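Asker: Quick one: the structure is below, questions incoming.
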Amino acid sequence: MKDIPTHYDQSKESEIYKLWEESGYFNPDNLTGEPFTIIMPPLNANAPPHVGHALGLTLEDIMIRYQRMLGKKTLWLPGTDHAGLETQVVFEKKLEKEGRSRFQMTREEFYKEVWDFVQLNKHITEEGIRRLGASCDWSRNTFTLDPKIVEIVYDTFRQMHSVGLIYRGNRICNWCVKHQTNLADLETKYIERTDPLYYIKYGPFVLATVRPETKFGDTALAVNPKDLRYKKYIGQEIEAMGLLGPIKLKVIADEAVDQEFGTGVVKVTPAHDPADYEIWMRHKDEIPGPKQVIDSRGKMDLPGTKYHGLKVAEARKIVTEDLQKAGLIEKIDENYKHNVQVCYKCGNIIEPLIMPQWYMAMTKKFRVGSLGLGDNLKSKNSNLQSLRDMGVEAVKNGGTKIMPERLEKVFMHWMENIRDWPISRKTWWGIPIPVWYKGDEIKISETSPGDGWTQDPDTFDTWFSSGQWPYATLMVHGEKDFETFYPTQVMETGWDILFFWVARMIMFGLYKTGEVPFETVYLHGLVRDKDKQKMSKSKGNVVDPLGVIDQFGVDALRMALTVGNLPGNDLPLSEDKVRGYRNFANKIWNASRFVLQNTEDFDTKTKLTPDDQKILGELAELVKDITKLMDKYDFAHASENLYHYFWHTFADKIIEESKTKLASPGTKKSTQLMLITVLETSLKLLHPFMPFVTESVWQQTHKDLLIIQKWPKDLH
RNA sequence: GGGUGAUUAGCUCAGUGGUAGAGCGUCUCGUUUACACCGAGAAGGUCGUAGGUUCAAUCCCUACAUCACCCACCA
């Protein structure tokens, strides 16, 4: 005991983790009590964990460790995600560096290489999770491509297809030319650009457009029905000179046309503009259908003309020149500011294209009780519902509570405006769509139904599988798990994937099981650098959590990510902050060292002096406060209060004052008992936040593990 | 265009209807046998602006300003 080192040694952390893991207490099968479950958001298996993962894992671990100490049967189920498009993009960048491209490979070769890449990263990711101290149950570790998971994903697809909630639609979609796939609206963003606005003559009209190159795909002209200037033309067919000869276009009236914009006349190009596509949908009977003039590589698709094969940007230049030569351009406004839709990954302009994709109907009503999906669903709902309504209802009536509360409004707003979700992607890396075609026939099957059948070439949007994560992970480890642990208690994740993931999990969960997948959604913010800048590789301000751990220890990082971090708020992280908590870890170590060295002969039967009773009374108050905060998921304040108490009350005052009390025979015994009580209680309270240093201290004098000690309640 | 959040000490942020707190930083002092990854102490804020409600507002209400973010089919 006398030879406790004067500094806390972080390098022993991995030994402590091994001790816990081998104890079996990460596995709920070895625990009793009421279940408490968190499903870990599966980490993308394409790169080592970043500091955002560290934040999430820390918060989840705090919750789990606290609940375990409360005596619950805690399950924290870890997992990794194949992360379809994300991983494919990462891997293609790697190929590019090597001077290769997936288009020089067969799809099978590519898949095999990505598979190996992901297996390697999966391992690295899992080691990272361990280093952060995550007390999760590795025996239930799950990967999104595990065959049993894929089976459930297929099962859901089959079910939803059979009731018309999943359908194939040939409609306009967001096409990324670079990634060669369609994207959901959520996977695109808008950037402001200044482009020339061309005023082009169309027979008797002049109209404004930024995309003259799409004029070959025009199928109509549109004006606002209230626009008196053009009233007489509505329903008429006008003739105009085009670059490829004369054209005839019908003039239609549509509310979507803004009289104030340009000249109040719009060309309708349904094949290459979402708004125009919608106009066509409303006027299907009056005007011809979409006419495609741009292909999936972003090149003009006009065989037999001089424009064929030109990239869109080049085509725009040449078409403009030709229009000018033909005297068809009235004027050009060079400073037109507008928003352009781009790919969220590469920033390239989205090329809207029409092609068949699979969709999930979010607002379509279906008779819930008639699906034969399970007793829960049948008994609770027998009315007509849509996936959207189910989700909205669950959050509104508190079945699922969103933290922070303000994000509930954001959730509702998004749900109210939700559109059908494109669930298929042209990505090669992913779960293949289990659909086969032969002529007009369609069959849903994992394997080929026989000769002459070809499989749908697409894969699922990653969120289609991860959206089913809460029940899927619990179903693949035996029926008992699902019964015991579903619905789960908490889903802890970043607010940035509230729509991508959380909303979909809620809807999938309700559809498939009749119950919300989790009671509380705890949404953490974004970790930023010390100057509150977003971390990004290009800025070079990315904090590597494993590097920080090497330097300051896991506990220090965990505290830096916890103190002052309220749900939904972004968190600036600086080295100074982490260093501060490294110092705190050392403070814990040394205060413990003092107490342990001076209380070897303490006696639990000692009668406490009034002074020491008062100290323990205050400690009891602290326990009450901290417990209340923990139950409210307010870890920011719980950790801050503990920090303050341990350092400035326990170490600075109680321990300092104990030095004279220990020296006096009359108060020595009472002081010893008081000190050891305060220390051990503090270690327990601190354990969820700083598991390593607290367990290290505990191990100095105990044979059992701190990890399963009972959370302090009554001190006597 | 719609929406949300923020605006409190040099910095990062808590907080409460009754004239403000923490951490870090700064300054002064201290080589005390747990710890210098330390201790004792100090300085530092008209709580964004203008109104309103109230006996009383930093906290409630209304505008405004600035910043940040989210959503959205301006051709």
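In the structure tokens, chains take the letters A, B, ... in the order shown, each chain's residues start at 1, and ligands count up from 1 in the order shown.
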Find the residues near G30 (chain B): any atom within 12 Å, counting only C-alpha atoms (C1' of nucleotides), skip ones fewer than 5 places away on the same chain, and give them as a list in words.

Answerer: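 Listed by chain and then number, they are A36, C38, G39, A40 and G41 of chain B.
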
Asker: At a cut-off of 8 Å, list the chain B residues touching chain A, using only C-alpha atoms (C1' of nucleotides), as a PDB file with N, CA and C atoms (P, O5', C5', C4', C3', O3' and C1' of nucleotides), in the first residue's frame.

Answerer:
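Okay, result.pdb is ready:
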```
ATOM      1  P     U B   4     -39.710  28.661 -34.946  1.00  0.00           P
ATOM      2  O5'   U B   4     -38.365  27.937 -34.507  1.00  0.00           O
ATOM      3  C5'   U B   4     -38.362  26.549 -34.186  1.00  0.00           C
ATOM      4  C4'   U B   4     -36.947  26.085 -33.966  1.00  0.00           C
ATOM      5  C3'   U B   4     -36.136  26.882 -32.954  1.00  0.00           C
ATOM      6  O3'   U B   4     -36.443  26.523 -31.625  1.00  0.00           O
ATOM      7  C1'   U B   4     -34.827  26.526 -34.865  1.00  0.00           C
ATOM      8  P     U B  12     -15.428  31.933 -27.180  1.00  0.00           P
ATOM      9  O5'   U B  12     -15.600  30.618 -26.301  1.00  0.00           O
ATOM     10  C5'   U B  12     -15.007  29.395 -26.732  1.00  0.00           C
ATOM     11  C4'   U B  12     -15.388  28.289 -25.788  1.00  0.00           C
ATOM     12  C3'   U B  12     -16.877  28.169 -25.501  1.00  0.00           C
ATOM     13  O3'   U B  12     -17.538  27.475 -26.540  1.00  0.00           O
ATOM     14  C1'   U B  12     -15.655  28.019 -23.475  1.00  0.00           C
ATOM     15  P     C B  13     -19.119  27.645 -26.732  1.00  0.00           P
ATOM     16  O5'   C B  13     -19.652  26.978 -25.391  1.00  0.00           O
ATOM     17  C5'   C B  13     -20.792  27.454 -24.732  1.00  0.00           C
ATOM     18  C4'   C B  13     -20.757  26.926 -23.330  1.00  0.00           C
ATOM     19  C3'   C B  13     -22.036  27.098 -22.534  1.00  0.00           C
ATOM     20  O3'   C B  13     -22.928  26.038 -22.836  1.00  0.00           O
ATOM     21  C1'   C B  13     -20.180  27.731 -21.207  1.00  0.00           C
ATOM     22  P     A B  14     -24.470  26.198 -22.526  1.00  0.00           P
ATOM     23  O5'   A B  14     -24.493  25.756 -21.003  1.00  0.00           O
ATOM     24  C5'   A B  14     -24.984  26.616 -20.032  1.00  0.00           C
ATOM     25  C4'   A B  14     -24.748  26.021 -18.684  1.00  0.00           C
ATOM     26  C3'   A B  14     -25.873  26.304 -17.702  1.00  0.00           C
ATOM     27  O3'   A B  14     -26.873  25.324 -17.784  1.00  0.00           O
ATOM     28  C1'   A B  14     -23.821  26.956 -16.754  1.00  0.00           C
ATOM     29  P     C B  24      -9.399  25.044 -13.775  1.00  0.00           P
ATOM     30  O5'   C B  24      -8.945  25.647 -15.179  1.00  0.00           O
ATOM     31  C5'   C B  24      -8.613  24.774 -16.264  1.00  0.00           C
ATOM     32  C4'   C B  24      -8.511  25.564 -17.547  1.00  0.00           C
ATOM     33  C3'   C B  24      -7.558  26.753 -17.517  1.00  0.00           C
ATOM     34  O3'   C B  24      -6.205  26.365 -17.707  1.00  0.00           O
ATOM     35  C1'   C B  24      -9.592  27.416 -18.490  1.00  0.00           C
ATOM     36  P     A B  34       1.254  14.144   2.811  1.00  0.00           P
ATOM     37  O5'   A B  34       0.498  13.402   1.627  1.00  0.00           O
ATOM     38  C5'   A B  34       0.982  12.165   1.097  1.00  0.00           C
ATOM     39  C4'   A B  34       0.492  11.992  -0.313  1.00  0.00           C
ATOM     40  C3'   A B  34       0.878  13.122  -1.273  1.00  0.00           C
ATOM     41  O3'   A B  34       2.158  12.892  -1.828  1.00  0.00           O
ATOM     42  C1'   A B  34      -1.448  12.692  -1.452  1.00  0.00           C
ATOM     43  P     C B  35       3.057  14.085  -2.382  1.00  0.00           P
ATOM     44  O5'   C B  35       2.277  14.528  -3.704  1.00  0.00           O
ATOM     45  C5'   C B  35       2.349  13.739  -4.885  1.00  0.00           C
ATOM     46  C4'   C B  35       1.366  14.265  -5.896  1.00  0.00           C
ATOM     47  C3'   C B  35       1.611  15.691  -6.378  1.00  0.00           C
ATOM     48  O3'   C B  35       2.556  15.700  -7.425  1.00  0.00           O
ATOM     49  C1'   C B  35      -0.670  15.414  -5.845  1.00  0.00           C
ATOM     50  P     C B  37       3.653  19.287 -13.101  1.00  0.00           P
ATOM     51  O5'   C B  37       2.059  19.101 -12.980  1.00  0.00           O
ATOM     52  C5'   C B  37       1.099  19.970 -13.668  1.00  0.00           C
ATOM     53  C4'   C B  37      -0.256  19.332 -13.450  1.00  0.00           C
ATOM     54  C3'   C B  37      -0.339  18.834 -12.000  1.00  0.00           C
ATOM     55  O3'   C B  37      -1.126  19.671 -11.144  1.00  0.00           O
ATOM     56  C1'   C B  37      -0.731  17.042 -13.598  1.00  0.00           C
ATOM     57  P     C B  71     -31.292  19.805 -43.735  1.00  0.00           P
ATOM     58  O5'   C B  71     -32.766  20.290 -44.067  1.00  0.00           O
ATOM     59  C5'   C B  71     -33.885  19.586 -43.546  1.00  0.00           C
ATOM     60  C4'   C B  71     -35.146  20.364 -43.814  1.00  0.00           C
ATOM     61  C3'   C B  71     -35.446  20.664 -45.271  1.00  0.00           C
ATOM     62  O3'   C B  71     -36.012  19.562 -45.943  1.00  0.00           O
ATOM     63  C1'   C B  71     -35.757  22.616 -44.016  1.00  0.00           C
ATOM     64  P     C B  73     -37.631  20.273 -52.131  1.00  0.00           P
ATOM     65  O5'   C B  73     -37.333  21.052 -53.438  1.00  0.00           O
ATOM     66  C5'   C B  73     -36.717  21.973 -53.852  1.00  0.00           C
ATOM     67  C4'   C B  73     -36.959  22.120 -55.354  1.00  0.00           C
ATOM     68  C3'   C B  73     -37.608  23.438 -55.687  1.00  0.00           C
ATOM     69  O3'   C B  73     -36.612  24.416 -55.851  1.00  0.00           O
ATOM     70  C1'   C B  73     -38.788  21.717 -56.780  1.00  0.00           C
ATOM     71  P     C B  74     -36.474  25.616 -54.946  1.00  0.00           P
ATOM     72  O5'   C B  74     -35.383  26.307 -55.821  1.00  0.00           O
ATOM     73  C5'   C B  74     -35.449  27.702 -56.104  1.00  0.00           C
ATOM     74  C4'   C B  74     -36.235  27.965 -57.319  1.00  0.00           C
ATOM     75  C3'   C B  74     -35.448  28.714 -58.384  1.00  0.00           C
ATOM     76  O3'   C B  74     -35.003  27.858 -59.403  1.00  0.00           O
ATOM     77  C1'   C B  74     -37.202  30.064 -57.610  1.00  0.00           C
ATOM     78  P     A B  75     -33.479  28.220 -59.867  1.00  0.00           P
ATOM     79  O5'   A B  75     -33.362  27.906 -61.434  1.00  0.00           O
ATOM     80  C5'   A B  75     -34.186  28.596 -62.295  1.00  0.00           C
ATOM     81  C4'   A B  75     -35.052  27.580 -62.980  1.00  0.00           C
ATOM     82  C3'   A B  75     -34.930  27.667 -64.488  1.00  0.00           C
ATOM     83  O3'   A B  75     -34.826  26.373 -65.043  1.00  0.00           O
ATOM     84  C1'   A B  75     -37.150  28.162 -63.741  1.00  0.00           C
TER      85        A B  75
END
```

Asker: Considering only helix (DSSP H, G or I) as DSSP defines it on the backbone, what residues of region 201-420 of chain A qualify? List them as a PyMOL selection string.

Answerer: chain A and resi 212-217+228-233+274-282+312-325+368-371+375-380+387-396+406-416

Asker: What is the CA of Glu15 (chain A) to CA of Ser696 (chain A) distance in Å?

Answerer: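 These atoms are spaced 9.9 Å apart.
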
Asker: Using only C-alpha atoms (C1' of nucleotides), which residues sit within 10 Å of G10 (chain B) once same-chain residues fewer than 4 positions away are excluded, as an NGL selection string?

Answerer: :B and (25-26 or 44)

Asker: Deliver the residues from the most recent selection as a file, using N, CA and C atoms (P, O5', C5', C4', C3', O3' and C1' of nucleotides), as a CSV table (one decimal), in the first residue's frame.

Answerer:
```csv
chain,number,residue,atom,x,y,z
B,25,G,P,-5.1,27.2,-17.0
B,25,G,O5',-5.2,28.6,-17.6
B,25,G,C5',-4.8,28.8,-19.0
B,25,G,C4',-5.1,30.2,-19.4
B,25,G,C3',-4.4,31.3,-18.6
B,25,G,O3',-3.0,31.5,-19.0
B,25,G,C1',-6.6,31.9,-18.8
B,26,U,P,-1.9,31.9,-17.9
B,26,U,O5',-2.4,33.3,-17.5
B,26,U,C5',-2.4,34.4,-18.4
B,26,U,C4',-2.8,35.7,-17.7
B,26,U,C3',-2.1,36.0,-16.4
B,26,U,O3',-0.9,36.6,-16.7
B,26,U,C1',-4.5,36.3,-16.1
B,44,G,P,-12.3,44.4,-10.2
B,44,G,O5',-12.6,43.7,-11.6
B,44,G,C5',-12.0,44.2,-12.8
B,44,G,C4',-12.3,43.2,-13.9
B,44,G,C3',-13.8,42.9,-14.1
B,44,G,O3',-14.4,43.8,-15.0
B,44,G,C1',-12.5,40.8,-14.0
```

Asker: I need the residues of region 466-543 of chain A that end up classed as strand (DSSP E) by DSSP on the backbone, written out as an MDAnalysis selection string.

Answerer: chainID A and resid 488:494 518:524 527:528

Asker: Write the selection just made, keeping N, CA, C and O atoms, as a tab-separated table (two decimals), in the first residue's frame?

Answerer:
```tsv
chain	number	residue	atom	x	y	z
A	488	THR	N	-36.18	-0.99	-26.53
A	488	THR	CA	-35.00	-0.59	-25.79
A	488	THR	C	-35.28	0.73	-25.06
A	488	THR	O	-36.28	1.39	-25.32
A	489	GLN	N	-34.38	1.07	-24.16
A	489	GLN	CA	-34.62	2.26	-23.35
A	489	GLN	C	-34.12	3.54	-24.03
A	489	GLN	O	-34.81	4.55	-24.05
A	490	VAL	N	-32.91	3.49	-24.56
A	490	VAL	CA	-32.33	4.72	-25.09
A	490	VAL	C	-31.71	4.49	-26.47
A	490	VAL	O	-31.10	3.45	-26.70
A	491	MET	N	-31.90	5.46	-27.34
A	491	MET	CA	-31.11	5.51	-28.57
A	491	MET	C	-30.29	6.78	-28.48
A	491	MET	O	-30.84	7.89	-28.40
A	492	GLU	N	-28.98	6.61	-28.41
A	492	GLU	CA	-28.08	7.76	-28.28
A	492	GLU	C	-27.35	7.92	-29.60
A	492	GLU	O	-26.68	7.00	-30.05
A	493	THR	N	-27.52	9.08	-30.24
A	493	THR	CA	-26.85	9.28	-31.52
A	493	THR	C	-26.75	10.77	-31.81
A	493	THR	O	-27.22	11.59	-31.03
A	494	GLY	N	-26.13	11.11	-32.93
A	494	GLY	CA	-25.96	12.52	-33.29
A	494	GLY	C	-27.24	13.10	-33.88
A	494	GLY	O	-27.97	12.40	-34.58
A	518	PHE	N	-37.46	2.50	-29.11
A	518	PHE	CA	-36.74	3.02	-27.94
A	518	PHE	C	-37.60	4.07	-27.26
A	518	PHE	O	-38.41	4.74	-27.88
A	519	GLU	N	-37.42	4.18	-25.94
A	519	GLU	CA	-38.24	5.10	-25.16
A	519	GLU	C	-37.72	6.53	-25.22
A	519	GLU	O	-38.48	7.49	-25.20
A	520	THR	N	-36.40	6.65	-25.26
A	520	THR	CA	-35.79	7.98	-25.27
A	520	THR	C	-34.76	8.07	-26.39
A	520	THR	O	-34.01	7.12	-26.61
A	521	VAL	N	-34.79	9.17	-27.07
A	521	VAL	CA	-33.75	9.45	-28.05
A	521	VAL	C	-32.89	10.56	-27.48
A	521	VAL	O	-33.38	11.66	-27.23
A	522	TYR	N	-31.63	10.26	-27.22
A	522	TYR	CA	-30.72	11.29	-26.71
A	522	TYR	C	-29.84	11.70	-27.88
A	522	TYR	O	-29.07	10.90	-28.40
A	523	LEU	N	-29.96	12.95	-28.29
A	523	LEU	CA	-29.21	13.41	-29.46
A	523	LEU	C	-28.06	14.32	-29.05
A	523	LEU	O	-28.29	15.38	-28.47
A	524	HIS	N	-26.85	13.88	-29.33
A	524	HIS	CA	-25.72	14.73	-28.99
A	524	HIS	C	-25.36	15.64	-30.17
A	524	HIS	O	-25.79	15.41	-31.29
A	527	VAL	N	-18.91	17.57	-32.35
A	527	VAL	CA	-17.67	17.98	-31.69
A	527	VAL	C	-16.91	18.90	-32.64
A	527	VAL	O	-16.67	18.55	-33.79
A	528	ARG	N	-16.60	20.08	-32.15
A	528	ARG	CA	-15.88	21.05	-32.97
A	528	ARG	C	-14.48	21.28	-32.41
A	528	ARG	O	-14.19	20.85	-31.30
```

Asker: Which residue gives the smallest distance to Ser466 (chain A) among A:Lys684, A:Arg504, A:Lys669, A:Lys148, with only C-alpha atoms counted?

Answerer: A:Arg504

Asker: Please, what distance in Å, to one decimal, runs between CA of Arg425 (chain A) and CA of Thr459 (chain A)?

Answerer: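 Interatomic distance, CA of Arg425 (chain A) to CA of Thr459 (chain A): 5.4 Å.
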
Asker: For C59 (chain B), find every residue with an atom within 12 Å (counting only C-alpha atoms (C1' of nucleotides)), except residues of its own chain fewer than 4 positions away, and show them as a list in words.

Answerer: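 The residues satisfying every condition are U8, G15, U16, G17, G18, A20 and C47 of chain B.
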
Asker: Set the distance at 8 Å and use only C-alpha atoms (C1' of nucleotides): which residues neighbour Thr125 (chain A) once local chain neighbours fewer than 5 positions away are removed? I'd like the list as a VMD selection string.

Answerer: chain A and resid 43 45 47 to 49

Asker: Which residues are close to A42 (chain B), i.e. within 12 Å by only C-alpha atoms (C1' of nucleotides), leaving aside same-chain residues fewer than 6 positions away? Reply as a ChimeraX atom specification.

Answerer: /B:26-29

Asker: Write a file of the selected residues as an mmCIF file, in the first residue's frame, keeping C-alpha atoms (C1' of nucleotides).

Answerer:
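As written to disk, selection-v1.cif reads:
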```cif
data_model
loop_
_atom_site.group_PDB
_atom_site.id
_atom_site.type_symbol
_atom_site.label_atom_id
_atom_site.label_comp_id
_atom_site.auth_asym_id
_atom_site.auth_seq_id
_atom_site.Cartn_x
_atom_site.Cartn_y
_atom_site.Cartn_z
ATOM 1 C "C1'" U B 26 -4.467 36.276 -16.129
ATOM 2 C "C1'" C B 27 -2.160 38.445 -11.545
ATOM 3 C "C1'" U B 28 -0.130 37.899 -6.326
ATOM 4 C "C1'" C B 29 1.705 34.656 -2.632
#
```

Asker: Can you pull out every residue within 12 Å of Val548 (chain A), counting only C-alpha atoms (C1' of nucleotides), but drop anything in the same chain fewer than 2 positions away, and send it as an mmCIF file with N, CA, C and O atoms, in the first residue's frame?

Answerer:
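File produced: part.cif:
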```cif
data_model
loop_
_atom_site.group_PDB
_atom_site.id
_atom_site.type_symbol
_atom_site.label_atom_id
_atom_site.label_comp_id
_atom_site.auth_asym_id
_atom_site.auth_seq_id
_atom_site.Cartn_x
_atom_site.Cartn_y
_atom_site.Cartn_z
ATOM 1 N N GLN A 10 -1.748 5.858 -16.977
ATOM 2 C CA GLN A 10 -2.792 5.569 -17.984
ATOM 3 C C GLN A 10 -2.498 4.330 -18.809
ATOM 4 O O GLN A 10 -3.393 3.743 -19.405
ATOM 5 N N HIS A 50 -13.852 8.244 -35.069
ATOM 6 C CA HIS A 50 -13.429 9.635 -34.911
ATOM 7 C C HIS A 50 -13.988 10.172 -33.598
ATOM 8 O O HIS A 50 -14.642 9.454 -32.843
ATOM 9 N N VAL A 51 -13.731 11.431 -33.345
ATOM 10 C CA VAL A 51 -14.051 11.970 -32.026
ATOM 11 C C VAL A 51 -15.571 12.044 -31.789
ATOM 12 O O VAL A 51 -16.022 11.981 -30.647
ATOM 13 N N ALA A 54 -16.367 8.874 -30.342
ATOM 14 C CA ALA A 54 -15.906 8.867 -28.956
ATOM 15 C C ALA A 54 -16.956 9.518 -28.055
ATOM 16 O O ALA A 54 -17.236 9.025 -26.960
ATOM 17 N N ARG A 131 -10.910 0.602 -26.636
ATOM 18 C CA ARG A 131 -9.999 1.559 -26.011
ATOM 19 C C ARG A 131 -10.758 2.688 -25.319
ATOM 20 O O ARG A 131 -10.289 3.260 -24.347
ATOM 21 N N LEU A 132 -11.926 3.006 -25.864
ATOM 22 C CA LEU A 132 -12.715 4.065 -25.243
ATOM 23 C C LEU A 132 -13.375 3.601 -23.952
ATOM 24 O O LEU A 132 -13.972 4.388 -23.230
ATOM 25 N N VAL A 542 -8.812 17.904 -37.503
ATOM 26 C CA VAL A 542 -9.488 16.718 -36.990
ATOM 27 C C VAL A 542 -8.743 16.188 -35.764
ATOM 28 O O VAL A 542 -7.531 16.021 -35.790
ATOM 29 N N VAL A 543 -9.483 15.988 -34.688
ATOM 30 C CA VAL A 543 -8.892 15.428 -33.478
ATOM 31 C C VAL A 543 -9.010 13.910 -33.531
ATOM 32 O O VAL A 543 -10.105 13.376 -33.694
ATOM 33 N N ASP A 544 -7.880 13.237 -33.414
ATOM 34 C CA ASP A 544 -7.897 11.776 -33.409
ATOM 35 C C ASP A 544 -8.050 11.305 -31.966
ATOM 36 O O ASP A 544 -7.151 11.507 -31.153
ATOM 37 N N PRO A 545 -9.187 10.693 -31.648
ATOM 38 C CA PRO A 545 -9.433 10.333 -30.251
ATOM 39 C C PRO A 545 -8.366 9.382 -29.704
ATOM 40 O O PRO A 545 -7.977 9.492 -28.546
ATOM 41 N N LEU A 546 -7.874 8.489 -30.545
ATOM 42 C CA LEU A 546 -6.894 7.523 -30.051
ATOM 43 C C LEU A 546 -5.566 8.217 -29.723
ATOM 44 O O LEU A 546 -4.875 7.825 -28.775
ATOM 45 N N ASP A 550 -3.775 8.322 -26.062
ATOM 46 C CA ASP A 550 -2.362 7.998 -25.814
ATOM 47 C C ASP A 550 -1.715 9.063 -24.942
ATOM 48 O O ASP A 550 -0.931 8.765 -24.055
ATOM 49 N N GLN A 551 -2.063 10.316 -25.213
ATOM 50 C CA GLN A 551 -1.411 11.411 -24.518
ATOM 51 C C GLN A 551 -1.972 11.665 -23.116
ATOM 52 O O GLN A 551 -1.209 11.901 -22.176
ATOM 53 N N PHE A 552 -3.288 11.621 -22.995
ATOM 54 C CA PHE A 552 -3.893 12.052 -21.730
ATOM 55 C C PHE A 552 -4.720 10.975 -21.025
ATOM 56 O O PHE A 552 -5.173 11.194 -19.910
ATOM 57 N N GLY A 553 -4.959 9.860 -21.687
ATOM 58 C CA GLY A 553 -5.775 8.827 -21.065
ATOM 59 C C GLY A 553 -7.236 8.933 -21.471
ATOM 60 O O GLY A 553 -7.716 10.003 -21.818
ATOM 61 N N VAL A 554 -7.922 7.791 -21.445
ATOM 62 C CA VAL A 554 -9.315 7.754 -21.866
ATOM 63 C C VAL A 554 -10.205 8.569 -20.941
ATOM 64 O O VAL A 554 -11.085 9.282 -21.398
ATOM 65 N N ASP A 555 -9.990 8.438 -19.657
ATOM 66 C CA ASP A 555 -10.866 9.127 -18.711
ATOM 67 C C ASP A 555 -10.850 10.628 -18.950
ATOM 68 O O ASP A 555 -11.894 11.287 -18.852
ATOM 69 N N ALA A 556 -9.684 11.158 -19.254
ATOM 70 C CA ALA A 556 -9.573 12.591 -19.503
ATOM 71 C C ALA A 556 -10.401 12.974 -20.729
ATOM 72 O O ALA A 556 -11.139 13.953 -20.712
ATOM 73 N N LEU A 557 -10.281 12.190 -21.780
ATOM 74 C CA LEU A 557 -11.059 12.474 -22.985
ATOM 75 C C LEU A 557 -12.553 12.373 -22.692
ATOM 76 O O LEU A 557 -13.344 13.220 -23.104
ATOM 77 N N ARG A 558 -12.921 11.329 -21.967
ATOM 78 C CA ARG A 558 -14.343 11.128 -21.657
ATOM 79 C C ARG A 558 -14.908 12.314 -20.892
ATOM 80 O O ARG A 558 -16.004 12.798 -21.190
ATOM 81 N N ALA A 560 -13.736 15.375 -20.843
ATOM 82 C CA ALA A 560 -13.725 16.555 -21.708
ATOM 83 C C ALA A 560 -14.933 16.546 -22.642
ATOM 84 O O ALA A 560 -15.431 17.588 -23.052
ATOM 85 N N LEU A 561 -15.409 15.350 -22.968
ATOM 86 C CA LEU A 561 -16.554 15.227 -23.868
ATOM 87 C C LEU A 561 -17.881 15.292 -23.114
ATOM 88 O O LEU A 561 -18.939 15.376 -23.730
ATOM 89 N N LEU A 573 -13.832 21.271 -28.465
ATOM 90 C CA LEU A 573 -12.894 20.412 -27.734
ATOM 91 C C LEU A 573 -11.480 20.941 -27.947
ATOM 92 O O LEU A 573 -11.028 21.107 -29.062
ATOM 93 N N SER A 574 -10.796 21.225 -26.823
ATOM 94 C CA SER A 574 -9.429 21.707 -26.944
ATOM 95 C C SER A 574 -8.508 20.812 -26.132
ATOM 96 O O SER A 574 -8.931 20.111 -25.225
ATOM 97 N N GLU A 575 -7.252 20.873 -26.486
ATOM 98 C CA GLU A 575 -6.273 20.075 -25.763
ATOM 99 C C GLU A 575 -6.203 20.515 -24.302
ATOM 100 O O GLU A 575 -6.051 19.694 -23.406
ATOM 101 N N ASP A 576 -6.334 21.827 -24.072
ATOM 102 C CA ASP A 576 -6.316 22.349 -22.701
ATOM 103 C C ASP A 576 -7.381 21.698 -21.834
ATOM 104 O O ASP A 576 -7.161 21.387 -20.673
ATOM 105 N N LYS A 577 -8.549 21.542 -22.449
ATOM 106 C CA LYS A 577 -9.657 20.954 -21.712
ATOM 107 C C LYS A 577 -9.327 19.515 -21.314
ATOM 108 O O LYS A 577 -9.517 19.126 -20.162
ATOM 109 N N VAL A 578 -8.809 18.754 -22.279
ATOM 110 C CA VAL A 578 -8.470 17.365 -21.988
ATOM 111 C C VAL A 578 -7.366 17.307 -20.937
ATOM 112 O O VAL A 578 -7.410 16.495 -20.004
ATOM 113 N N ARG A 579 -6.386 18.187 -21.071
ATOM 114 C CA ARG A 579 -5.293 18.204 -20.099
ATOM 115 C C ARG A 579 -5.836 18.465 -18.695
ATOM 116 O O ARG A 579 -5.396 17.841 -17.727
ATOM 117 N N TYR A 581 -8.625 17.586 -17.441
ATOM 118 C CA TYR A 581 -9.244 16.389 -16.857
ATOM 119 C C TYR A 581 -8.223 15.277 -16.646
ATOM 120 O O TYR A 581 -8.418 14.398 -15.814
ATOM 121 N N ARG A 582 -7.106 15.330 -17.401
ATOM 122 C CA ARG A 582 -6.004 14.415 -17.095
ATOM 123 C C ARG A 582 -5.504 14.765 -15.693
ATOM 124 O O ARG A 582 -5.263 13.888 -14.853
#
```

Asker: What gap, in Å, lies between CA of Lys668 (chain A) and CA of Pro610 (chain A)?

Answerer: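 Taking CA of Lys668 (chain A) as the start and CA of Pro610 (chain A) as the end point, the length is 13.4 Å.
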